[in-house]
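Peer 1: This is final.pdb (PDB, C-alpha atoms, pLDDT in the B column).
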```pdb
ATOM      1  CA  MET A   1      83.213 134.302  97.301  1.00 81.00           C
ATOM      2  CA  GLY A   2      85.875 133.125  94.915  1.00 80.00           C
ATOM      3  CA  ALA A   3      88.450 132.711  97.692  1.00 82.00           C
ATOM      4  CA  ARG A   4      85.953 130.651  99.656  1.00 76.00           C
ATOM      5  CA  ASP A   5      84.547 128.508  96.838  1.00 80.00           C
ATOM      6  CA  GLN A   6      87.480 128.159  94.430  1.00 83.00           C
ATOM      7  CA  PRO A   7      90.750 128.906  96.250  1.00 84.00           C
ATOM      8  CA  ARG A   8      92.942 127.136  93.688  1.00 87.00           C
ATOM      9  CA  ARG A   9      91.382 129.050  90.801  1.00 87.00           C
ATOM     10  CA  MET A  10      91.748 132.365  92.613  1.00 85.00           C
ATOM     11  CA  ARG A  11      95.377 131.560  93.396  1.00 86.00           C
ATOM     12  CA  MET A  12      96.013 130.852  89.717  1.00 85.00           C
ATOM     13  CA  LEU A  13      94.398 134.192  88.810  1.00 86.00           C
ATOM     14  CA  GLY A  14      96.956 135.939  91.022  1.00 90.00           C
ATOM     15  CA  HIS A  15      94.938 136.646  94.154  1.00 88.00           C
ATOM     16  CA  ASN A  16      96.422 136.133  97.599  1.00 89.00           C
ATOM     17  CA  VAL A  17      93.789 133.739  98.999  1.00 91.00           C
ATOM     18  CA  TRP A  18      95.429 133.451 102.426  1.00 92.00           C
ATOM     19  CA  LEU A  19      95.360 137.235 102.889  1.00 92.00           C
ATOM     20  CA  ILE A  20      91.753 137.479 101.710  1.00 90.00           C
ATOM     21  CA  ARG A  21      90.698 134.792 104.187  1.00 90.00           C
ATOM     22  CA  LEU A  22      92.662 136.432 107.007  1.00 93.00           C
ATOM     23  CA  ILE A  23      91.103 139.841 106.366  1.00 93.00           C
ATOM     24  CA  THR A  24      87.636 138.275 106.188  1.00 91.00           C
ATOM     25  CA  PHE A  25      88.185 136.453 109.496  1.00 93.00           C
ATOM     26  CA  VAL A  26      89.424 139.610 111.220  1.00 95.00           C
ATOM     27  CA  LEU A  27      86.518 141.703 109.902  1.00 94.00           C
ATOM     28  CA  ALA A  28      83.961 139.086 110.983  1.00 91.00           C
ATOM     29  CA  GLY A  29      85.460 139.036 114.472  1.00 92.00           C
ATOM     30  CA  PHE A  30      85.505 142.837 114.594  1.00 94.00           C
ATOM     31  CA  TRP A  31      81.839 143.199 113.610  1.00 91.00           C
ATOM     32  CA  GLY A  32      80.854 140.420 116.007  1.00 87.00           C
ATOM     33  CA  SER A  33      82.609 142.336 118.779  1.00 90.00           C
ATOM     34  CA  VAL A  34      80.902 145.579 117.801  1.00 92.00           C
ATOM     35  CA  ALA A  35      77.520 143.838 117.877  1.00 86.00           C
ATOM     36  CA  SER A  36      78.267 142.411 121.327  1.00 83.00           C
ATOM     37  CA  ILE A  37      79.344 145.777 122.688  1.00 88.00           C
ATOM     38  CA  LEU A  38      76.203 147.441 121.314  1.00 89.00           C
ATOM     39  CA  TYR A  39      74.067 144.688 122.878  1.00 82.00           C
ATOM     40  CA  VAL A  40      75.648 145.280 126.282  1.00 85.00           C
ATOM     41  CA  TYR A  41      75.141 149.045 125.979  1.00 88.00           C
ATOM     42  CA  TYR A  42      71.507 148.479 124.968  1.00 86.00           C
ATOM     43  CA  LYS A  43      70.671 146.051 127.782  1.00 82.00           C
ATOM     44  CA  LEU A  44      73.084 147.546 130.369  1.00 85.00           C
ATOM     45  CA  PHE A  45      73.589 143.984 131.629  1.00 80.00           C
ATOM     46  CA  LEU A  46      74.797 140.725 130.149  1.00 77.00           C
ATOM     47  CA  SER A  47      73.172 137.662 131.649  1.00 78.00           C
ATOM     48  CA  PRO A  48      74.161 134.051 130.951  1.00 77.00           C
ATOM     49  CA  HIS A  49      70.815 133.640 129.176  1.00 74.00           C
ATOM     50  CA  ALA A  50      72.040 135.944 126.387  1.00 73.00           C
ATOM     51  CA  ILE A  51      74.741 133.442 125.433  1.00 75.00           C
ATOM     52  CA  SER A  52      72.786 130.253 126.037  1.00 81.00           C
ATOM     53  CA  LEU A  53      72.431 127.356 123.625  1.00 83.00           C
ATOM     54  CA  GLN A  54      68.783 128.246 122.996  1.00 82.00           C
ATOM     55  CA  GLN A  55      69.684 131.794 121.968  1.00 78.00           C
ATOM     56  CA  SER A  56      72.358 130.487 119.595  1.00 78.00           C
ATOM     57  CA  ALA A  57      69.898 128.015 118.091  1.00 82.00           C
ATOM     58  CA  GLU A  58      67.336 130.796 117.525  1.00 80.00           C
ATOM     59  CA  ILE A  59      69.869 132.917 115.652  1.00 75.00           C
ATOM     60  CA  LEU A  60      70.925 129.943 113.554  1.00 77.00           C
ATOM     61  CA  LEU A  61      67.272 129.182 112.789  1.00 78.00           C
ATOM     62  CA  MET A  62      66.738 132.790 111.669  1.00 75.00           C
ATOM     63  CA  ALA A  63      69.629 132.503 109.250  1.00 72.00           C
ATOM     64  CA  ILE A  64      68.414 129.169 107.902  1.00 76.00           C
ATOM     65  CA  LEU A  65      64.803 130.337 107.432  1.00 75.00           C
ATOM     66  CA  GLY A  66      65.810 133.620 105.871  1.00 70.00           C
ATOM     67  CA  GLY A  67      68.512 132.185 103.669  1.00 67.00           C
ATOM     68  CA  ALA A  68      71.991 133.430 102.999  1.00 64.00           C
ATOM     69  CA  SER A  69      71.419 135.068  99.642  1.00 66.00           C
ATOM     70  CA  SER A  70      70.769 138.629 100.788  1.00 68.00           C
ATOM     71  CA  LEU A  71      70.364 140.844 103.826  1.00 69.00           C
ATOM     72  CA  THR A  72      66.659 141.276 103.083  1.00 70.00           C
ATOM     73  CA  ALA A  73      66.100 137.519 103.250  1.00 66.00           C
ATOM     74  CA  ARG A  74      67.718 137.382 106.691  1.00 62.00           C
ATOM     75  CA  ILE A  75      65.527 140.216 107.945  1.00 67.00           C
ATOM     76  CA  VAL A  76      62.441 138.385 106.685  1.00 66.00           C
ATOM     77  CA  GLY A  77      63.627 135.170 108.364  1.00 62.00           C
ATOM     78  CA  ALA A  78      64.106 136.817 111.765  1.00 63.00           C
ATOM     79  CA  PRO A  79      60.438 137.476 112.646  1.00 61.00           C
ATOM     80  CA  SER A  80      59.253 134.129 111.305  1.00 53.00           C
ATOM     81  CA  SER A  81      61.289 132.146 113.841  1.00 47.00           C
ATOM     82  CA  ARG A  82      59.805 133.814 116.912  1.00 48.00           C
TER
END
```
Can you dump the structure from the file as structure tokens?

Peer 2:
Amino acid sequence: MGARDQPRRMRMLGHNVWLIRLITFVLAGFWGSVASILYVYYKLFLSPHAISLQQSAEILLMAILGGASSLTARIVGAPSSR
């Protein structure tokens, strides 16, 4: 969170902010890929509807309603948007 919110301060404290951001980006892409692969294995088919604008908006709405403070809040937000 410090590398995201206060990069100059973290740099002054001796942290490599660029490396932290790179590792975070790579891990987010990796877990997104894992989630996509598991979705395809679960459904055994990937239709264009699964990557539609409406589906993306629903996921974004779940995150907004649940909040970004904790995993529990996101889980609570997921059923309320359907």

Peer 1: Just to confirm, what's the straight-line distance from CA of Val17 (chain A) to CA of Ala63 (chain A) in Å (one decimal)?

Peer 2: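 Result for CA of Val17 (chain A) versus CA of Ala63 (chain A): 26.3 Å, one decimal.
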
Peer 1: Neighbours of Thr24 (chain A) within 12 Å (all atoms listed in the file; same-chain residues fewer than 5 positions away dropped), as a VMD selection string?

Peer 2: chain A and resid 1 3 to 4 17 to 19 29 to 31

Peer 1: Just give me the gap between CA of Phe25 (chain A) and CA of Met10 (chain A) in Å, one decimal is fine.

Peer 2: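 Distance between the two atoms: 17.7 Å.
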
Peer 1: With all atoms listed in the file as the basis for distance, which of A:Phe45, A:Ile37, A:Asp5, A:Ile64 is at the shortest distance from Arg21 (chain A)?

Peer 2: A:Asp5

Peer 1: Mind giving me the axis-aligned box for region 14-32 of chain A with 8 Å on every side, centre plus edges in Å to one decimal, as JSON?

Peer 2:
```
{"center_x": 88.9, "center_y": 138.3, "center_z": 103.5, "size_x": 32.1, "size_y": 25.7, "size_z": 41.0}
```

Peer 1: Could you work out how far CA of Leu65 (chain A) lies from CA of Tyr39 (chain A), giving the answer in Å with one decimal?

Peer 2: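 Between CA of Tyr39 (chain A) and CA of Leu65 (chain A) the gap works out to 23.0 Å.
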